[in-house]
Amino acid sequence: MKTKVIMLLVSAVMILSLIVAGCSPAAEPTPGPAPTAAPTAAPTAAPTPAPADEVHEWTLQHGSPAGSNNALAYGGLYKDSLETATGGRITLEVFNQSEVVPTPREADGVQEGVITIAVFDPVGERGTIPTAGLFGGYPGGPGIETMDMWFYAGGGADLMEQAWADKGYTFKLLPKYSWNTPGEVFAASTVKLEDSADGMDGLKMRCKGDGGEIFKELGVSTVMLSGSEIYQALDRGVIDMAECCSANMNWELAFHEVCPYAYFSLTRAPIQGIQQCVNIDAWNALPADLQEIVIMH
């Protein structure tokens, strides 16, 4: 009997324990590690814009008077075609003779950086460069074809650069602008000349270069004037005659209004060479493609 009672009590305790255990809240599971956040992609940097092409602002002075065909050509066709060919990467401001530097000292302006390009007659530099006449035109000199061959195939261009370099010039010589065709005016004159050179003694004449040295030997008083000054000098009697380029240039400058006589000679100067040079710093600042365009232009 006693044994039964003990067994019943044990059974009751076990049943009660199971009931209590069943009513207890279930244990919460241990949380696992938090998921790793996906890395945020770094924003893509915007591409650096390509630098704009540098614009080279150049200036040019030529040796022709305002209103002449040459002046109109440089200020129009030459300027427009260069700017178009370079896509505007070179801009050009054009000046007529003596507007920035005195004509015929355009090469000095290039050397000093006052202008970028000089279009000049080398003969006008004879006072500084004793051999300058060889690179422009001189009495009894070669004609167009011979001058071309000597200048470009015979080393003439190199000799010209060397002649100026010996005097401290460092410009870049460009291919020639032109050799004027035959028909060079010997003189536009207010007086009628005799058939011999004897009648020139005592006359006053605008001329330059080696021809001017020969006229001095004939008793002529020579003076150098820019093209725009010649008309007034003839009209006022400051000079009696003027040697200046070709017949078409004389007509443009209206010499026929004050000079009843014009004398021509194919041997006085068979050609007149016009050269172009560029400031060396401006030239070196150009990329190769622009240098090629300028040379071809």
# chains A, B, ... in the order shown; residues from 1 in each chain; ligands from 1
call {"tool": "select_by_dssp", "arguments": {"residues": "range 158-257 of chain A", "states": "strand (DSSP E or B)", "output": "list in words"}}
result
Lys172, Leu173, Leu174, Pro175, Lys176, Tyr177, Ser178, Trp179, Glu184, Val185, Phe186, Ala187, Ala188, Ser189, Lys204, Met205, Arg206, Ser221, Thr222, Val223, Met241, Ala242 and Ser246 of chain A
call {"tool": "residues_around", "arguments": {"residues": "range 242-257 of chain A", "least_positions_apart": "3", "cutoff": "9 Å", "atoms": "only C-alpha atoms", "output": "PyMOL selection string"}}
result
chain A and resi 65+67-70+180-189+204-208+227-228+230-231+234-235+239+260-262+264+272
call {"tool": "closest_residue", "arguments": {"among": "A:Pro130, A:Pro287, A:Gly63, A:Gly143", "to": "Ile117 in chain A", "atoms": "only C-alpha atoms"}}
result
A:Gly63
call {"tool": "select_by_dssp", "arguments": {"residues": "range 56-276 of chain A", "states": "alpha helix (DSSP H)", "output": "MDAnalysis selection string"}}
result
chainID A and resid 69:73 79:85 106:111 144:148 156:165 209:217 227:235 247:252
call {"tool": "residues_around", "arguments": {"residues": "Leu290 in chain A", "least_positions_apart": "2", "cutoff": "12 Å", "atoms": "only C-alpha atoms", "output": "count of residues only"}}
result
27
call {"tool": "residues_around", "arguments": {"residues": "range 158-171 of chain A", "least_positions_apart": "4", "cutoff": "10 Å", "atoms": "only C-alpha atoms", "output": "list in words"}}
result
Ala107, Asp108, Val110, Gln111, Glu112, Thr116, Ile117, Ala118, Pro122, Glu125, Thr128, Ile129, Pro130, Thr131, Ala132, Leu134, Phe135, Phe151, Tyr152, Gly154, Gln276, Cys277, Val278, Asn279, Ile280, Asp281, Ala282 and Trp283 of chain A
call {"tool": "write_last_selection", "arguments": {"atoms": "N, CA, C and O atoms", "output": "short mmCIF file (atom, residue, chain, number, x, y, z; two decimals), in the first residue's frame"}}
result
data_model
loop_
_atom_site.label_atom_id
_atom_site.label_comp_id
_atom_site.auth_asym_id
_atom_site.auth_seq_id
_atom_site.Cartn_x
_atom_site.Cartn_y
_atom_site.Cartn_z
N ALA A 107 61.48 93.40 -91.49
CA ALA A 107 62.21 92.28 -90.88
C ALA A 107 62.63 92.61 -89.45
O ALA A 107 62.67 91.73 -88.59
N ASP A 108 62.93 93.88 -89.19
CA ASP A 108 63.25 94.28 -87.82
C ASP A 108 62.04 94.10 -86.91
O ASP A 108 62.17 93.68 -85.75
N VAL A 110 59.70 91.89 -87.21
CA VAL A 110 59.57 90.46 -86.94
C VAL A 110 60.59 90.02 -85.90
O VAL A 110 60.26 89.28 -84.96
N GLN A 111 61.82 90.46 -86.04
CA GLN A 111 62.87 90.08 -85.10
C GLN A 111 62.53 90.53 -83.68
O GLN A 111 62.77 89.81 -82.71
N GLU A 112 61.95 91.71 -83.55
CA GLU A 112 61.63 92.27 -82.24
C GLU A 112 60.28 91.79 -81.72
O GLU A 112 59.91 92.11 -80.58
N THR A 116 54.26 89.57 -86.56
CA THR A 116 54.56 88.13 -86.67
C THR A 116 55.13 87.80 -88.04
O THR A 116 56.08 87.01 -88.14
N ILE A 117 54.54 88.35 -89.09
CA ILE A 117 55.00 88.08 -90.45
C ILE A 117 55.37 89.40 -91.12
O ILE A 117 54.64 90.39 -91.01
N ALA A 118 56.49 89.39 -91.81
CA ALA A 118 56.87 90.53 -92.65
C ALA A 118 56.87 90.08 -94.10
O ALA A 118 57.40 89.02 -94.43
N PRO A 122 63.86 92.39 -99.96
CA PRO A 122 65.19 92.34 -99.34
C PRO A 122 66.10 93.50 -99.75
O PRO A 122 66.98 93.89 -98.98
N GLU A 125 66.86 96.27 -97.43
CA GLU A 125 67.71 96.02 -96.26
C GLU A 125 69.19 96.16 -96.58
O GLU A 125 70.04 95.80 -95.77
N THR A 128 71.75 97.41 -94.11
CA THR A 128 72.12 96.53 -93.00
C THR A 128 72.78 95.26 -93.50
O THR A 128 73.75 94.78 -92.91
N ILE A 129 72.26 94.71 -94.59
CA ILE A 129 72.75 93.46 -95.16
C ILE A 129 73.39 93.79 -96.51
O ILE A 129 72.67 94.00 -97.50
N PRO A 130 74.70 93.84 -96.61
CA PRO A 130 75.35 94.27 -97.87
C PRO A 130 74.97 93.42 -99.08
O PRO A 130 74.94 93.92 -100.20
N THR A 131 74.66 92.14 -98.86
CA THR A 131 74.33 91.25 -99.98
C THR A 131 72.83 91.16 -100.24
O THR A 131 72.39 90.30 -101.02
N ALA A 132 72.03 92.02 -99.60
CA ALA A 132 70.57 91.91 -99.68
C ALA A 132 70.06 91.94 -101.11
O ALA A 132 69.07 91.28 -101.45
N LEU A 134 71.04 90.61 -103.73
CA LEU A 134 71.07 89.32 -104.43
C LEU A 134 69.78 88.54 -104.25
O LEU A 134 69.46 87.67 -105.07
N PHE A 135 69.03 88.82 -103.20
CA PHE A 135 67.85 88.03 -102.87
C PHE A 135 66.55 88.73 -103.26
O PHE A 135 65.47 88.24 -102.96
N PHE A 151 67.28 80.02 -106.09
CA PHE A 151 66.82 80.27 -104.72
C PHE A 151 66.40 78.98 -104.03
O PHE A 151 66.71 78.76 -102.86
N TYR A 152 65.70 78.10 -104.76
CA TYR A 152 65.14 76.92 -104.11
C TYR A 152 65.91 75.63 -104.35
O TYR A 152 65.85 74.71 -103.54
N GLY A 154 69.29 75.80 -105.71
CA GLY A 154 70.72 76.10 -105.71
C GLY A 154 71.25 76.66 -104.42
O GLY A 154 72.42 77.11 -104.37
N GLN A 276 58.94 86.56 -97.47
CA GLN A 276 58.16 86.52 -96.24
C GLN A 276 58.98 85.87 -95.14
O GLN A 276 59.62 84.84 -95.37
N CYS A 277 58.94 86.45 -93.96
CA CYS A 277 59.60 85.82 -92.81
C CYS A 277 58.67 85.88 -91.61
O CYS A 277 57.82 86.77 -91.51
N VAL A 278 58.83 84.90 -90.70
CA VAL A 278 57.97 84.76 -89.53
C VAL A 278 58.83 84.83 -88.28
O VAL A 278 59.94 84.27 -88.23
N ASN A 279 58.32 85.48 -87.26
CA ASN A 279 59.00 85.53 -85.96
C ASN A 279 59.26 84.10 -85.49
O ASN A 279 58.37 83.26 -85.50
N ILE A 280 60.48 83.82 -85.08
CA ILE A 280 60.88 82.44 -84.78
C ILE A 280 60.13 81.86 -83.58
O ILE A 280 59.80 80.67 -83.56
N ASP A 281 59.82 82.69 -82.57
CA ASP A 281 59.08 82.18 -81.40
C ASP A 281 57.65 81.82 -81.80
O ASP A 281 57.11 80.80 -81.36
N ALA A 282 57.03 82.67 -82.61
CA ALA A 282 55.67 82.37 -83.07
C ALA A 282 55.67 81.11 -83.93
O ALA A 282 54.75 80.29 -83.86
N TRP A 283 56.71 80.96 -84.74
CA TRP A 283 56.80 79.78 -85.60
C TRP A 283 56.96 78.51 -84.77
O TRP A 283 56.27 77.51 -85.00
#
call {"tool": "residues_around", "arguments": {"residues": "Val123 in chain A", "least_positions_apart": "3", "cutoff": "6 Å", "atoms": "only C-alpha atoms", "output": "list of chain:residue names"}}
result
A:Arg126, A:Ala132, A:Gly133, A:Gly136, A:Gly209
call {"tool": "closest_residue", "arguments": {"among": "A:Met224, A:Val191, A:Leu173, A:Gly155", "to": "Pro102 in chain A", "atoms": "only C-alpha atoms"}}
result
A:Met224
call {"tool": "atom_distance", "arguments": {"atom1": "CA of Gly273 in chain A", "atom2": "CA of Pro139 in chain A"}}
result
12.9 Å
call {"tool": "closest_residue", "arguments": {"among": "A:Asp121, A:Gly109, A:Gly137, A:Leu77", "to": "Ser64 in chain A", "atoms": "only C-alpha atoms"}}
result
A:Asp121
call {"tool": "residues_around", "arguments": {"residues": "Phe95 in chain A", "least_positions_apart": "4", "cutoff": "7 Å", "atoms": "only C-alpha atoms", "output": "list of chain:residue names"}}
result
A:Leu60, A:Gln61, A:His62, A:Glu99
call {"tool": "write_last_selection", "arguments": {"atoms": "all heavy atoms", "output": "PDB file, in the first residue's frame"}}
result
ATOM      1  N   LEU A  60      50.532  90.781 -89.585  1.00  0.00           N
ATOM      2  CA  LEU A  60      51.348  90.826 -90.805  1.00  0.00           C
ATOM      3  C   LEU A  60      51.428  92.265 -91.286  1.00  0.00           C
ATOM      4  O   LEU A  60      50.430  92.981 -91.272  1.00  0.00           O
ATOM      5  CB  LEU A  60      50.726  89.947 -91.885  1.00  0.00           C
ATOM      6  CG  LEU A  60      51.377  89.920 -93.273  1.00  0.00           C
ATOM      7  CD1 LEU A  60      51.140  88.568 -93.952  1.00  0.00           C
ATOM      8  CD2 LEU A  60      50.839  91.038 -94.186  1.00  0.00           C
ATOM      9  N   GLN A  61      52.642  92.670 -91.672  1.00  0.00           N
ATOM     10  CA  GLN A  61      52.781  93.951 -92.369  1.00  0.00           C
ATOM     11  C   GLN A  61      53.462  93.705 -93.701  1.00  0.00           C
ATOM     12  O   GLN A  61      54.466  93.007 -93.787  1.00  0.00           O
ATOM     13  CB  GLN A  61      53.590  94.958 -91.562  1.00  0.00           C
ATOM     14  CG  GLN A  61      53.708  96.310 -92.294  1.00  0.00           C
ATOM     15  CD  GLN A  61      54.444  97.367 -91.504  1.00  0.00           C
ATOM     16  OE1 GLN A  61      54.084  97.654 -90.365  1.00  0.00           O
ATOM     17  NE2 GLN A  61      55.473  97.945 -92.104  1.00  0.00           N
ATOM     18  N   HIS A  62      52.878  94.286 -94.743  1.00  0.00           N
ATOM     19  CA  HIS A  62      53.471  94.209 -96.081  1.00  0.00           C
ATOM     20  C   HIS A  62      53.983  95.593 -96.463  1.00  0.00           C
ATOM     21  O   HIS A  62      53.753  96.584 -95.758  1.00  0.00           O
ATOM     22  CB  HIS A  62      52.449  93.703 -97.103  1.00  0.00           C
ATOM     23  CG  HIS A  62      51.212  94.541 -97.169  1.00  0.00           C
ATOM     24  ND1 HIS A  62      51.144  95.728 -97.874  1.00  0.00           N
ATOM     25  CD2 HIS A  62      49.987  94.383 -96.591  1.00  0.00           C
ATOM     26  CE1 HIS A  62      49.945  96.251 -97.754  1.00  0.00           C
ATOM     27  NE2 HIS A  62      49.212  95.467 -96.976  1.00  0.00           N
ATOM     28  N   GLU A  99      52.592 101.047 -91.224  1.00  0.00           N
ATOM     29  CA  GLU A  99      51.556 101.262 -90.211  1.00  0.00           C
ATOM     30  C   GLU A  99      51.991 100.792 -88.831  1.00  0.00           C
ATOM     31  O   GLU A  99      51.467 101.291 -87.820  1.00  0.00           O
ATOM     32  CB  GLU A  99      50.253 100.571 -90.630  1.00  0.00           C
ATOM     33  CG  GLU A  99      49.549 101.252 -91.796  1.00  0.00           C
ATOM     34  CD  GLU A  99      48.216 100.647 -92.146  1.00  0.00           C
ATOM     35  OE1 GLU A  99      47.917  99.517 -91.668  1.00  0.00           O
ATOM     36  OE2 GLU A  99      47.462 101.284 -92.902  1.00  0.00           O
TER      37      GLU A  99
END
call {"tool": "atom_distance", "arguments": {"atom1": "CA of Leu174 in chain A", "atom2": "CA of Glu213 in chain A"}}
result
28.4 Å
call {"tool": "atom_distance", "arguments": {"atom1": "CA of Cys259 in chain A", "atom2": "CA of Met241 in chain A"}}
result
8.2 Å
call {"tool": "residues_around", "arguments": {"residues": "Ile144 in chain A", "least_positions_apart": "2", "cutoff": "7 Å", "atoms": "only C-alpha atoms", "output": "JSON list (two decimals) with N, CA and C atoms, in the first residue's frame"}}
result
[["chain", "number", "residue", "atom", "x", "y", "z"],
["A", 142, "PRO", "N", 69.32, 87.84, -112.78],
["A", 142, "PRO", "CA", 68.60, 86.75, -113.45],
["A", 142, "PRO", "C", 67.11, 87.05, -113.58],
["A", 146, "THR", "N", 65.36, 81.51, -113.68],
["A", 146, "THR", "CA", 66.70, 81.31, -113.14],
["A", 146, "THR", "C", 66.74, 81.60, -111.64],
["A", 147, "MET", "N", 66.06, 82.66, -111.23],
["A", 147, "MET", "CA", 66.04, 83.01, -109.81],
["A", 147, "MET", "C", 65.36, 81.92, -109.00],
["A", 148, "ASP", "N", 64.27, 81.37, -109.51],
["A", 148, "ASP", "CA", 63.59, 80.27, -108.82],
["A", 148, "ASP", "C", 64.53, 79.09, -108.62],
["A", 179, "TRP", "N", 58.04, 86.69, -107.53],
["A", 179, "TRP", "CA", 59.03, 87.48, -108.26],
["A", 179, "TRP", "C", 58.21, 88.27, -109.28],
["A", 271, "ILE", "N", 63.67, 91.30, -112.19],
["A", 271, "ILE", "CA", 62.63, 90.86, -111.26],
["A", 271, "ILE", "C", 62.68, 91.74, -110.02]]
call {"tool": "closest_residue", "arguments": {"among": "A:Val238, A:Leu225, A:Ala153, A:Phe215", "to": "Gln97 in chain A", "atoms": "only C-alpha atoms"}}
result
A:Leu225
